[in-house]
file run_14.txt (compact mmCIF, C-alpha atoms)
# COMPACT_ATOMS: atom_id res chain seq x y z
CA MET A 1 140.54 -10.03 86.05
CA THR A 2 142.09 -13.51 85.95
CA ASP A 3 145.26 -14.70 84.26
CA ALA A 4 146.91 -17.94 83.19
CA ARG A 5 148.35 -18.55 86.65
CA MET A 6 144.89 -18.74 88.23
CA ALA A 7 141.99 -21.17 88.38
CA THR A 8 139.00 -20.58 86.12
CA VAL A 9 136.46 -18.33 87.85
CA LEU A 10 132.76 -18.74 87.00
CA VAL A 11 130.13 -16.35 88.32
CA LYS A 12 126.62 -17.37 89.34
CA LEU A 13 124.61 -14.28 88.36
CA GLU A 14 121.61 -13.95 90.67
CA ASN A 15 120.39 -10.59 89.33
CA TYR A 16 118.21 -12.51 86.86
CA ASN A 17 115.76 -13.44 89.61
CA PRO A 18 112.39 -11.61 89.41
CA ALA A 19 113.18 -8.88 91.95
CA GLY A 20 116.83 -8.83 90.99
CA SER A 21 118.72 -10.72 93.70
CA VAL A 22 119.55 -14.10 95.22
CA LYS A 23 117.22 -13.22 98.14
CA ASP A 24 114.14 -13.83 95.97
CA ARG A 25 114.73 -17.56 96.40
CA MET A 26 114.47 -17.58 100.17
CA ALA A 27 111.81 -14.84 100.34
CA TRP A 28 109.41 -16.93 98.30
CA ASN A 29 110.33 -20.13 100.16
CA MET A 30 109.77 -18.54 103.60
CA VAL A 31 106.36 -17.19 102.53
CA ARG A 32 105.41 -20.51 100.95
CA ARG A 33 106.31 -22.42 104.11
CA ALA A 34 104.45 -19.89 106.28
CA GLU A 35 101.34 -20.38 104.15
CA GLU A 36 101.64 -24.16 104.44
CA ALA A 37 101.89 -23.78 108.23
CA GLY A 38 98.77 -21.61 108.33
CA LEU A 39 100.65 -18.54 109.57
CA LEU A 40 99.36 -16.24 106.84
CA GLY A 41 95.75 -15.45 106.12
CA PRO A 42 93.90 -12.97 103.92
CA GLY A 43 95.09 -9.41 104.56
CA ALA A 44 98.24 -10.53 106.41
CA THR A 45 101.29 -8.28 106.56
CA LEU A 46 104.87 -9.46 106.08
CA VAL A 47 107.30 -7.58 108.33
CA GLU A 48 111.07 -7.88 107.95
CA SER A 49 114.29 -6.21 109.02
CA THR A 50 116.41 -6.08 105.89
CA SER A 51 119.36 -4.52 104.11
CA GLY A 52 117.11 -4.30 101.09
CA ASN A 53 117.26 -7.40 98.92
CA THR A 54 115.29 -9.72 101.19
CA GLY A 55 112.77 -6.94 101.61
CA LEU A 56 112.49 -6.60 97.83
CA GLY A 57 111.89 -10.34 97.47
CA LEU A 58 109.23 -10.23 100.19
CA ALA A 59 107.61 -7.07 98.77
CA MET A 60 107.40 -8.69 95.34
CA THR A 61 105.91 -11.86 96.83
CA ALA A 62 103.49 -9.85 98.98
CA ALA A 63 102.28 -7.98 95.89
CA VAL A 64 101.59 -11.26 94.09
CA ARG A 65 99.95 -12.98 97.09
CA GLY A 66 97.88 -10.02 98.26
CA TYR A 67 99.70 -9.29 101.53
CA GLY A 68 100.93 -6.05 103.02
CA CYS A 69 104.66 -5.55 103.52
CA ILE A 70 106.62 -3.40 105.99
CA CYS A 71 110.42 -3.27 105.93
CA THR A 72 112.82 -1.72 108.41
CA MET A 73 116.27 -0.75 107.11
CA PRO A 74 119.45 0.81 108.54
CA ASP A 75 120.17 4.27 107.20
CA LYS A 76 123.38 3.20 105.37
CA MET A 77 121.35 1.44 102.69
CA SER A 78 121.05 2.93 99.22
CA LYS A 79 118.24 5.21 98.13
CA GLU A 80 117.69 2.96 95.12
CA LYS A 81 116.67 0.04 97.37
CA ILE A 82 114.31 2.22 99.37
CA ASP A 83 112.66 3.54 96.20
CA MET A 84 112.34 0.03 94.76
CA LEU A 85 110.66 -1.22 97.94
CA LYS A 86 108.16 1.60 97.78
CA ALA A 87 107.52 0.85 94.10
CA TYR A 88 106.37 -2.66 95.13
CA GLY A 89 104.00 -1.05 97.64
CA ALA A 90 106.03 -1.76 100.77
CA GLU A 91 106.19 0.66 103.70
CA VAL A 92 109.81 1.47 104.58
CA ILE A 93 111.00 2.54 108.04
CA ILE A 94 114.61 3.76 108.35
CA THR A 95 116.59 3.26 111.56
CA ARG A 96 120.09 4.17 112.68
CA THR A 97 122.96 1.98 111.45
CA ASP A 98 125.12 2.49 114.55
CA LEU A 99 122.76 0.76 117.01
CA PRO A 100 123.38 -2.79 118.28
CA HIS A 101 120.87 -5.32 117.02
CA ASP A 102 119.19 -5.66 120.44
CA HIS A 103 118.71 -1.91 120.94
CA PRO A 104 114.97 -1.06 121.05
CA GLU A 105 115.38 1.28 118.08
CA SER A 106 117.52 -1.03 115.91
CA TYR A 107 116.05 -2.18 112.64
CA VAL A 108 115.65 -5.72 114.02
CA GLU A 109 113.82 -4.74 117.20
CA VAL A 110 111.65 -2.16 115.44
CA ALA A 111 110.51 -4.83 112.96
CA LYS A 112 109.66 -7.26 115.75
CA ARG A 113 107.66 -4.59 117.53
CA ILE A 114 105.75 -3.60 114.38
CA ALA A 115 104.88 -7.24 113.64
CA ALA A 116 103.56 -7.73 117.19
CA GLU A 117 101.47 -4.56 116.97
CA THR A 118 100.07 -5.15 113.45
CA PRO A 119 96.90 -7.32 113.13
CA GLY A 120 97.83 -10.28 110.94
CA GLY A 121 101.49 -9.24 111.07
CA LEU A 122 104.20 -11.89 110.66
CA TYR A 123 107.85 -11.19 111.42
CA VAL A 124 109.46 -13.33 108.73
CA ASP A 125 112.84 -13.36 110.55
CA GLN A 126 115.28 -14.26 107.81
CA TYR A 127 118.07 -14.55 110.42
CA PHE A 128 116.59 -17.55 112.20
CA ASN A 129 114.11 -18.95 109.67
CA ARG A 130 115.34 -22.40 108.60
CA HIS A 131 113.41 -22.09 105.34
CA ASN A 132 116.01 -19.52 104.29
CA PRO A 133 118.95 -21.96 103.79
CA GLU A 134 116.45 -24.61 102.69
CA ALA A 135 115.68 -22.52 99.60
CA HIS A 136 119.32 -22.65 98.50
CA TYR A 137 119.68 -26.34 99.28
CA LEU A 138 116.69 -26.95 97.01
CA THR A 139 117.55 -24.53 94.20
CA THR A 140 120.88 -22.67 94.20
CA GLY A 141 123.09 -25.65 95.00
CA PRO A 142 121.46 -28.01 92.44
CA GLU A 143 121.63 -25.31 89.75
CA ILE A 144 125.37 -24.76 90.30
CA TRP A 145 126.03 -28.51 90.23
CA ARG A 146 124.03 -28.93 87.03
CA GLN A 147 125.44 -25.85 85.29
CA THR A 148 129.05 -26.89 85.97
CA ASP A 149 128.42 -30.59 85.30
CA GLY A 150 129.68 -31.11 88.83
CA ARG A 151 133.14 -29.88 87.90
CA LEU A 152 133.89 -27.27 90.53
CA ASP A 153 136.62 -27.20 93.14
CA ALA A 154 135.62 -24.18 95.22
CA LEU A 155 132.53 -22.15 96.05
CA VAL A 156 132.85 -18.53 97.17
CA GLY A 157 130.11 -16.33 98.60
CA GLY A 158 129.55 -13.66 101.21
CA ILE A 159 127.70 -14.22 104.47
CA GLY A 160 124.68 -12.08 105.34
CA THR A 161 122.14 -14.34 107.00
CA GLY A 162 124.33 -17.22 105.86
CA GLY A 163 121.38 -18.84 104.14
CA THR A 164 122.76 -18.77 100.61
CA ILE A 165 126.18 -20.20 101.36
CA SER A 166 124.92 -22.66 104.00
CA GLY A 167 122.23 -24.19 101.82
CA ALA A 168 124.17 -24.21 98.56
CA ALA A 169 127.42 -25.44 100.13
CA LYS A 170 125.63 -28.24 102.00
CA TYR A 171 124.12 -29.55 98.78
CA LEU A 172 127.32 -29.20 96.75
CA LYS A 173 129.52 -30.82 99.40
CA GLU A 174 127.13 -33.78 99.53
CA LYS A 175 127.23 -34.16 95.75
CA ALA A 176 131.01 -33.80 95.65
CA ALA A 177 131.37 -36.48 98.33
CA GLU A 178 129.11 -38.81 96.33
CA ALA A 179 131.44 -38.27 93.36
CA GLY A 180 134.51 -39.02 95.50
CA ARG A 181 135.69 -35.42 95.44
CA SER A 182 135.98 -32.50 97.84
CA LEU A 183 134.76 -28.92 97.64
CA PHE A 184 136.48 -25.92 99.24
CA VAL A 185 134.09 -23.22 100.53
CA SER A 186 135.41 -19.71 101.17
CA CYS A 187 133.44 -16.77 102.58
CA PRO A 188 134.86 -13.25 102.26
CA ASP A 189 133.46 -11.01 105.00
CA PRO A 190 133.61 -7.24 105.56
CA ILE A 191 136.08 -5.90 108.10
CA GLY A 192 133.85 -4.87 111.00
CA SER A 193 131.60 -7.94 110.83
CA ILE A 194 131.77 -10.54 113.59
CA TYR A 195 131.77 -13.62 111.36
CA HIS A 196 135.54 -13.81 110.87
CA ASP A 197 136.18 -13.93 114.61
CA ALA A 198 133.25 -16.27 115.21
CA PHE A 199 134.43 -18.75 112.57
CA HIS A 200 137.94 -18.85 114.01
CA GLN A 201 136.48 -19.20 117.52
CA ARG A 202 138.23 -16.10 118.73
CA GLU A 203 136.99 -13.53 121.15
CA ILE A 204 134.66 -11.41 119.05
CA ARG A 205 135.82 -7.83 118.66
CA PRO A 206 133.23 -5.08 119.00
CA PRO A 207 131.53 -4.90 115.58
CA GLY A 208 132.49 -1.93 113.44
CA ILE A 209 130.60 0.10 110.88
CA TYR A 210 131.28 -0.87 107.29
CA ARG A 211 129.75 0.47 104.09
CA VAL A 212 129.22 -2.72 102.09
CA GLU A 213 125.53 -3.64 102.18
CA GLY A 214 123.88 -7.02 102.63
CA ILE A 215 126.72 -9.08 104.11
CA GLY A 216 128.43 -9.34 107.47
CA HIS A 217 126.67 -8.91 110.79
CA ASP A 218 126.93 -7.66 114.34
CA PHE A 219 125.20 -10.68 115.92
CA MET A 220 125.19 -14.43 115.33
CA VAL A 221 122.31 -15.74 113.29
CA GLY A 222 120.59 -19.09 113.31
CA THR A 223 120.67 -19.65 109.55
CA LEU A 224 124.45 -19.89 109.24
CA ASP A 225 126.12 -23.31 109.20
CA PHE A 226 129.85 -22.95 109.76
CA SER A 227 130.30 -26.73 109.38
CA VAL A 228 130.06 -26.47 105.57
CA ILE A 229 132.48 -23.51 105.37
CA ASP A 230 136.25 -23.99 105.16
CA GLU A 231 137.45 -20.43 105.63
CA VAL A 232 136.22 -16.90 106.36
CA THR A 233 138.47 -14.10 105.16
CA GLU A 234 138.30 -10.34 105.73
CA VAL A 235 137.90 -7.82 102.90
CA SER A 236 137.89 -4.04 103.26
CA ASP A 237 135.15 -1.74 101.97
CA LYS A 238 137.65 -0.17 99.60
CA ASP A 239 138.72 -3.49 98.07
CA SER A 240 135.07 -4.54 97.77
CA PHE A 241 133.92 -1.41 95.97
CA LEU A 242 136.93 -1.23 93.66
CA ALA A 243 136.49 -4.90 92.74
CA ALA A 244 132.82 -4.25 91.90
CA ARG A 245 133.78 -1.34 89.67
CA GLN A 246 136.49 -3.43 87.99
CA LEU A 247 133.98 -6.22 87.42
CA ALA A 248 131.75 -3.84 85.48
CA ARG A 249 134.51 -2.20 83.48
CA ARG A 250 136.57 -5.26 82.62
CA GLU A 251 134.05 -8.10 82.54
CA GLY A 252 130.81 -6.27 81.71
CA ILE A 253 129.14 -7.59 84.88
CA PHE A 254 127.25 -4.84 86.72
CA ALA A 255 126.98 -5.89 90.37
CA GLY A 256 126.83 -4.46 93.87
CA GLY A 257 129.42 -3.90 96.58
CA SER A 258 128.85 -7.26 98.24
CA ALA A 259 129.57 -8.89 94.87
CA GLY A 260 132.85 -6.97 94.93
CA THR A 261 133.63 -8.55 98.31
CA ALA A 262 132.91 -12.00 96.88
CA ILE A 263 134.90 -11.35 93.69
CA HIS A 264 137.90 -10.09 95.66
CA GLY A 265 137.80 -13.29 97.70
CA ALA A 266 137.23 -15.51 94.66
CA LEU A 267 140.28 -14.10 92.87
CA ASP A 268 142.38 -14.84 95.95
CA VAL A 269 141.10 -18.44 96.01
CA ALA A 270 141.76 -18.76 92.26
CA ARG A 271 145.38 -17.63 92.75
CA ARG A 272 145.88 -20.18 95.48
CA LEU A 273 144.29 -23.10 93.61
CA GLY A 274 146.04 -22.38 90.32
CA PRO A 275 145.36 -23.53 86.74
CA GLY A 276 143.10 -26.49 86.05
CA LYS A 277 140.74 -25.80 88.95
CA VAL A 278 137.29 -24.19 88.84
CA VAL A 279 136.00 -21.59 91.31
CA VAL A 280 132.32 -20.60 91.35
CA VAL A 281 131.45 -17.27 92.98
CA ILE A 282 127.91 -16.15 93.76
CA VAL A 283 127.16 -12.60 92.56
CA PRO A 284 124.03 -11.75 94.55
CA ASP A 285 122.50 -8.76 92.76
CA SER A 286 122.88 -5.95 90.23
CA GLY A 287 124.72 -2.65 90.46
CA ASP A 288 121.63 -0.65 89.52
CA ARG A 289 120.64 -0.45 93.20
CA TYR A 290 124.01 1.07 94.17
CA LEU A 291 124.33 3.92 91.66
CA SER A 292 124.31 6.44 94.50
CA LYS A 293 126.97 4.48 96.40
CA CYS A 294 129.96 2.63 94.95
CA TYR A 295 129.25 3.77 91.39
CA ASP A 296 129.06 7.43 92.39
CA ASN A 297 132.54 8.95 92.12
CA GLU A 298 131.74 11.75 94.58
CA TRP A 299 130.47 9.28 97.19
CA MET A 300 133.57 7.11 96.73
CA ARG A 301 135.79 10.17 97.11
CA ASP A 302 133.88 11.44 100.16
CA MET A 303 134.18 8.02 101.82
CA GLY A 304 137.94 8.01 101.21
CA PHE A 305 137.87 5.06 98.81
CA PHE A 306 139.45 7.03 95.96
CA GLY A 307 143.11 7.77 96.45
CA PRO A 308 145.29 9.34 93.76
CA GLU A 309 146.03 5.88 92.37
CA GLN A 310 142.35 5.20 91.65
CA ARG A 311 141.91 8.55 89.93
CA LEU A 312 144.87 7.93 87.63
CA GLY A 313 144.05 4.35 86.70
CA THR A 314 146.12 1.20 86.39
CA VAL A 315 148.84 -0.13 84.12
CA ARG A 316 146.38 -2.65 82.70
CA GLU A 317 143.91 0.11 81.78
CA LEU A 318 146.61 2.09 79.99
CA LEU A 319 147.72 -0.94 77.96
CA GLU A 320 144.09 -1.65 77.02
CA PHE A 321 143.75 1.99 75.90
CA LYS A 322 146.91 1.81 73.79
CA PRO A 323 147.59 -1.81 72.92
CA GLY A 324 150.67 -2.78 70.93
CA ARG A 325 153.16 -5.58 70.60
CA VAL A 326 156.45 -5.46 72.44
CA GLU A 327 159.50 -5.49 70.18
CA PHE A 328 162.34 -7.63 71.54
CA ALA A 329 166.03 -7.71 70.67
CA GLY A 330 167.69 -11.10 70.32
CA ALA A 331 170.53 -11.77 72.74
CA ASP A 332 172.85 -12.61 69.82
CA GLU A 333 171.55 -9.85 67.51
CA SER A 334 174.11 -7.32 66.34
CA ILE A 335 174.11 -3.72 67.51
CA ALA A 336 173.74 -2.58 63.88
CA SER A 337 170.60 -4.71 63.44
CA VAL A 338 169.04 -3.49 66.69
CA ALA A 339 169.82 0.16 65.86
CA ARG A 340 168.27 -0.24 62.41
CA ARG A 341 165.08 -1.79 63.83
CA MET A 342 164.78 0.92 66.48
CA ALA A 343 165.03 3.57 63.75
CA ASP A 344 162.45 1.82 61.54
CA LEU A 345 159.99 1.40 64.44
CA GLY A 346 160.55 4.83 65.97
CA ILE A 347 161.39 3.44 69.40
CA SER A 348 164.36 4.05 71.68
CA GLN A 349 164.62 0.83 73.66
CA MET A 350 164.03 -2.92 73.46
CA PRO A 351 163.89 -5.62 76.11
CA ILE A 352 166.09 -8.58 75.32
CA ARG A 353 164.67 -12.06 75.13
CA ALA A 354 165.50 -13.76 78.41
CA GLY A 355 167.94 -16.61 78.60
CA GLU A 356 167.61 -18.85 81.63
CA ALA A 357 164.76 -18.15 84.03
CA HIS A 358 167.17 -17.18 86.82
CA GLU A 359 169.05 -14.63 84.71
CA PRO A 360 168.22 -10.93 85.18
CA MET A 361 166.06 -9.33 82.51
CA MET A 362 168.06 -7.02 80.25
CA LEU A 363 167.21 -3.90 78.27
CA ILE A 364 168.99 -2.13 75.44
CA HIS A 365 168.44 1.62 75.07
CA GLU A 366 169.72 3.88 72.29
CA VAL A 367 171.72 5.79 74.92
CA ASP A 368 173.54 2.56 75.83
CA LEU A 369 174.26 1.86 72.17
CA LEU A 370 175.69 5.33 71.69
CA HIS A 371 177.76 5.23 74.87
CA GLY A 372 179.21 1.80 74.08
CA MET A 373 180.27 2.75 70.55
CA VAL A 374 181.68 6.16 71.52
CA ALA A 375 183.66 4.60 74.36
CA GLY A 376 184.99 1.91 72.03
CA GLU A 377 183.45 -0.85 74.17
CA CYS A 378 181.64 -2.35 71.19
CA THR A 379 181.26 -2.08 67.43
CA ALA A 380 178.36 -2.29 65.01
CA ASP A 381 179.04 -6.01 64.63
CA SER A 382 179.10 -6.70 68.38
CA ASP A 383 176.17 -8.56 69.85
CA VAL A 384 173.71 -6.38 71.69
CA MET A 385 174.46 -7.90 75.10
CA GLN A 386 177.77 -6.00 75.17
CA ALA A 387 175.86 -2.72 75.51
CA ALA A 388 172.80 -3.96 77.40
CA LYS A 389 171.96 -3.04 80.99
CA PRO A 390 169.82 -4.82 83.62
CA MET A 391 166.18 -3.87 83.31
CA HIS A 392 164.94 -1.32 85.84
CA GLY A 393 161.62 0.47 86.19
CA VAL A 394 159.55 -2.72 86.30
CA VAL A 395 155.81 -2.48 87.01
CA ARG A 396 153.00 -5.04 87.09
CA LEU A 397 149.64 -5.05 85.32
CA ASP A 398 147.59 -4.19 88.38
CA ASP A 399 149.93 -1.49 89.67
CA SER A 400 148.54 2.02 89.73
CA LEU A 401 149.87 4.66 87.36
CA THR A 402 151.18 6.44 90.45
CA LYS A 403 153.90 3.77 90.50
CA VAL A 404 154.63 4.37 86.82
CA GLN A 405 155.03 8.07 87.59
CA ASP A 406 157.54 7.15 90.30
CA VAL A 407 159.47 5.07 87.73
CA PHE A 408 159.66 8.10 85.43
CA ASP A 409 161.61 9.96 88.11
CA ASP A 410 164.60 7.74 87.28
CA GLU A 411 163.81 6.00 83.97
CA ASN A 412 162.64 7.02 80.50
CA VAL A 413 160.16 4.12 80.25
CA ALA A 414 158.37 1.68 82.53
CA MET A 415 158.62 -2.01 81.64
CA VAL A 416 155.43 -4.00 82.30
CA VAL A 417 156.28 -7.53 83.42
CA GLU A 418 153.97 -10.48 84.02
CA ASP A 419 155.72 -13.53 85.47
CA THR A 420 159.03 -13.34 83.57
CA ASP A 421 157.62 -11.89 80.35
CA VAL A 422 157.67 -8.25 79.28
CA VAL A 423 154.09 -7.56 78.14
CA GLY A 424 154.25 -3.81 77.66
CA VAL A 425 156.44 -0.74 77.51
CA ILE A 426 155.05 2.58 78.77
CA SER A 427 156.62 5.86 77.75
CA LYS A 428 155.91 9.28 79.20
CA ILE A 429 153.91 10.30 76.15
CA ASP A 430 151.83 7.08 76.44
CA MET A 431 150.81 8.13 79.94
CA VAL A 432 150.08 11.72 78.88
CA GLU A 433 147.80 10.52 76.05
CA PHE A 434 145.97 8.09 78.37
CA LEU A 435 145.35 10.69 81.08
CA ALA A 436 144.26 13.27 78.51
CA ALA A 437 141.70 10.86 77.05
CA ARG A 438 140.53 9.78 80.52
CA SER A 439 139.95 13.35 81.64

call {"tool": "encode", "arguments": {"input": "run_14.txt", "output": "structure tokens"}}
result
Amino acid sequence: MTDARMATVLVKLENYNPAGSVKDRMAWNMVRRAEEAGLLGPGATLVESTSGNTGLGLAMTAAVRGYGCICTMPDKMSKEKIDMLKAYGAEVIITRTDLPHDHPESYVEVAKRIAAETPGGLYVDQYFNRHNPEAHYLTTGPEIWRQTDGRLDALVGGIGTGGTISGAAKYLKEKAAEAGRSLFVSCPDPIGSIYHDAFHQREIRPPGIYRVEGIGHDFMVGTLDFSVIDEVTEVSDKDSFLAARQLARREGIFAGGSAGTAIHGALDVARRLGPGKVVVVIVPDSGDRYLSKCYDNEWMRDMGFFGPEQRLGTVRELLEFKPGRVEFAGADESIASVARRMADLGISQMPIRAGEAHEPMMLIHEVDLLHGMVAGECTADSDVMQAAKPMHGVVRLDDSLTKVQDVFDDENVAMVVEDTDVVGVISKIDMVEFLAARS
């Protein structure tokens, strides 16, 4: 997903925690601190409003410590998370997603009410519990610093409660300052969340409904420290889910939709920083709890996240399916030599090695050779540039095959260009074979 023009991107994989997400860190720390404060006794019940992962961390901890656990969740959350919570023995109460946080029937207010009505109940309150970011200051930040030997230039992570990024970024910025360096912290946020407006100190737009789980919010929390964050950017649901799917298929990293949001943002930061820099992105959980969501093709299609371009695939995917070297003609090579090589290789065109960087890229096609010789404009001994034409039909690696199909309306082949290099040539039969295999 990266290329030579970008910074190195390293992922901090948090799915290796016991209950499978970064939230295990703060769930255990909040329970530990509550025990130290005498807030939990035998037979106590942990109550939390959650998008799933914090609830799973609390349910796991409750099972180990002998507590009950009740979780309230908005109805947009995946069935996998609900089933996993129940497997740990937690009671799960589903509320409507489209209610403001202070509505009596919102998942936040329902959890508060249940905690007040349950003997020995404790509302853990991940949104205002300072032991949430503390967990990441004590563990996540130091781990990243140690695992990178302190050589990182940017940290990227989504904002849910803000605990992960606030705690980790605070630690890492302190360590970077001690080393006489700086650290850039970027937080991609779903469109519809309030955090982008809040960070830029704008009037906050009415929050919208978005499908990515676990990040963004419709109210300001007490565990988020904007002072350690340098930018908040907006990412669409579609870009988030497609990035998550790409991460699995191209990097072998199976992660959730919020990881897709973070990856989309991290790649943008990596493009801006350029080669020689290091970007660390926090991947909060695994894709196994989203099989019925962003990894379900029907769900993606029903939500409108699959357009024709996603169904066809990308230029990069086609070249990975049918790899092959690009044959170039030399600018001073004779027409006879080029024609002979085309015949031997069974191809009908060749890009010509570029001269100066500012010169247009050129292509020689067998039709141009034939026309030039029939018209008497060149001979077999002429150099190939006398029959060459400017290159048209250029596509990029991450373009959809829909664009290649558009090229075929006017050209016989599509030329795949990265920077100023031709890295692939796609013919019509190449695309037919790819789509036949894909179907």

call {"tool": "closest_atom_pairs", "arguments": {"input": "run_14.txt", "of": "region 140-177 of chain A", "to": "region 126-130 of chain A", "cutoff": "9 Å", "atoms": "all atoms listed in the file", "output": "Markdown table"}}
result
| residue | atom | partner | partner_atom | distance |
| --- | --- | --- | --- | --- |
| A:Gly160 | CA | A:Tyr127 | CA | 8.7 |
| A:Thr161 | CA | A:Tyr127 | CA | 5.3 |
| A:Gly162 | CA | A:Tyr127 | CA | 8.2 |
| A:Gly163 | CA | A:Tyr127 | CA | 8.3 |

call {"tool": "atom_distance", "arguments": {"input": "run_14.txt", "atom1": "CA of Ala343 (chain A)", "atom2": "CA of Gly330 (chain A)"}}
result
16.3 Å

call {"tool": "residues_around", "arguments": {"input": "run_14.txt", "residues": "Ala62 (chain A)", "least_positions_apart": "4", "cutoff": "10 Å", "atoms": "all atoms listed in the file", "output": "ChimeraX atom specification"}}
result
/A:27-28,31,44-46,56-58,66-69,88-90

call {"tool": "residues_around", "arguments": {"input": "run_14.txt", "residues": "Asp225 (chain A)", "least_positions_apart": "5", "cutoff": "10 Å", "atoms": "only C-alpha atoms", "output": "NGL selection string"}}
result
:A and (133 or 162-163 or 165-167 or 169-170)

call {"tool": "write_last_selection", "arguments": {"input": "run_14.txt", "atoms": "C-alpha atoms", "output": "JSON list (two decimals), in the frame of the given file"}}
result
[["chain", "number", "residue", "atom", "x", "y", "z"],
["A", 133, "PRO", "CA", 118.95, -21.96, 103.79],
["A", 162, "GLY", "CA", 124.33, -17.22, 105.86],
["A", 163, "GLY", "CA", 121.38, -18.84, 104.14],
["A", 165, "ILE", "CA", 126.18, -20.20, 101.36],
["A", 166, "SER", "CA", 124.92, -22.66, 104.00],
["A", 167, "GLY", "CA", 122.23, -24.19, 101.82],
["A", 169, "ALA", "CA", 127.42, -25.44, 100.13],
["A", 170, "LYS", "CA", 125.63, -28.24, 102.00]]

call {"tool": "residues_around", "arguments": {"input": "run_14.txt", "residues": "region 100-114 of chain A", "least_positions_apart": "6", "cutoff": "7 Å", "atoms": "only C-alpha atoms", "output": "list in words"}}
result
Val47, Glu48, Ser49, Thr72, Met73, Pro74, Tyr123 and Phe219 of chain A

call {"tool": "atom_distance", "arguments": {"input": "run_14.txt", "atom1": "CA of Asn29 (chain A)", "atom2": "CA of Ala135 (chain A)"}}
result
5.9 Å

call {"tool": "residues_around", "arguments": {"input": "run_14.txt", "residues": "region 200-212 of chain A", "least_positions_apart": "3", "cutoff": "9 Å", "atoms": "only C-alpha atoms", "output": "PyMOL selection string"}}
result
chain A and resi 76-77+97-98+100+190-197+215-219+231-232+236-237+240-241+256-258+261+294

call {"tool": "closest_residue", "arguments": {"input": "run_14.txt", "among": "A:Asp406, A:Glu178, A:Asp153, A:Glu418", "to": "Lys277 (chain A)", "atoms": "only C-alpha atoms"}}
result
A:Asp153

call {"tool": "residues_around", "arguments": {"input": "run_14.txt", "residues": "region 147-152 of chain A", "least_positions_apart": "2", "cutoff": "8 Å", "atoms": "all atoms listed in the file", "output": "PDB file with C-alpha atoms, keeping the file's coordinate frame"}}
result
ATOM      1  CA  GLU A 143     121.630 -25.310  89.750  1.00  0.00           C
ATOM      2  CA  ILE A 144     125.370 -24.760  90.300  1.00  0.00           C
ATOM      3  CA  TRP A 145     126.030 -28.510  90.230  1.00  0.00           C
ATOM      4  CA  ALA A 154     135.620 -24.180  95.220  1.00  0.00           C
ATOM      5  CA  LEU A 155     132.530 -22.150  96.050  1.00  0.00           C
ATOM      6  CA  LYS A 175     127.230 -34.160  95.750  1.00  0.00           C
ATOM      7  CA  ALA A 176     131.010 -33.800  95.650  1.00  0.00           C
ATOM      8  CA  LEU A 183     134.760 -28.920  97.640  1.00  0.00           C
ATOM      9  CA  LYS A 277     140.740 -25.800  88.950  1.00  0.00           C
ATOM     10  CA  VAL A 278     137.290 -24.190  88.840  1.00  0.00           C
ATOM     11  CA  VAL A 279     136.000 -21.590  91.310  1.00  0.00           C
ATOM     12  CA  VAL A 280     132.320 -20.600  91.350  1.00  0.00           C
TER      13      VAL A 280
END

call {"tool": "closest_residue", "arguments": {"input": "run_14.txt", "among": "A:Ala34, A:Val326, A:Val384, A:Ile94", "to": "Val416 (chain A)", "atoms": "all atoms listed in the file"}}
result
A:Val326

call {"tool": "closest_residue", "arguments": {"input": "run_14.txt", "among": "A:Arg96, A:His365, A:His131, A:Arg325", "to": "Ala339 (chain A)", "atoms": "only C-alpha atoms"}}
result
A:His365

call {"tool": "residues_near_point", "arguments": {"input": "run_14.txt", "point": "(180.4, -5.7, 74.7)", "cutoff": "12 Å", "atoms": "all atoms listed in the file", "output": "ChimeraX atom specification"}}
result
/A:331-332,334-335,364,368-369,371-373,375-389

call {"tool": "write_last_selection", "arguments": {"input": "run_14.txt", "atoms": "C-alpha atoms", "output": "tab-separated table (two decimals), keeping the file's coordinate frame"}}
result
chain	number	residue	atom	x	y	z
A	331	ALA	CA	170.53	-11.77	72.74
A	332	ASP	CA	172.85	-12.61	69.82
A	334	SER	CA	174.11	-7.32	66.34
A	335	ILE	CA	174.11	-3.72	67.51
A	364	ILE	CA	168.99	-2.13	75.44
A	368	ASP	CA	173.54	2.56	75.83
A	369	LEU	CA	174.26	1.86	72.17
A	371	HIS	CA	177.76	5.23	74.87
A	372	GLY	CA	179.21	1.80	74.08
A	373	MET	CA	180.27	2.75	70.55
A	375	ALA	CA	183.66	4.60	74.36
A	376	GLY	CA	184.99	1.91	72.03
A	377	GLU	CA	183.45	-0.85	74.17
A	378	CYS	CA	181.64	-2.35	71.19
A	379	THR	CA	181.26	-2.08	67.43
A	380	ALA	CA	178.36	-2.29	65.01
A	381	ASP	CA	179.04	-6.01	64.63
A	382	SER	CA	179.10	-6.70	68.38
A	383	ASP	CA	176.17	-8.56	69.85
A	384	VAL	CA	173.71	-6.38	71.69
A	385	MET	CA	174.46	-7.90	75.10
A	386	GLN	CA	177.77	-6.00	75.17
A	387	ALA	CA	175.86	-2.72	75.51
A	388	ALA	CA	172.80	-3.96	77.40
A	389	LYS	CA	171.96	-3.04	80.99

call {"tool": "atom_distance", "arguments": {"input": "run_14.txt", "atom1": "CA of Glu14 (chain A)", "atom2": "CA of Ser286 (chain A)"}}
result
8.1 Å

call {"tool": "closest_residue", "arguments": {"input": "run_14.txt", "among": "A:Leu40, A:Leu267, A:Ala115, A:Leu99", "to": "Asp3 (chain A)", "atoms": "only C-alpha atoms"}}
result
A:Leu267

call {"tool": "axis_aligned_box", "arguments": {"input": "run_14.txt", "around": "region 146-161 of chain A", "padding_each_side": "5 Å", "output": "JSON"}}
result
{"center_x": 129.4, "center_y": -21.6, "center_z": 96.1, "size_x": 24.5, "size_y": 29.0, "size_z": 31.7}
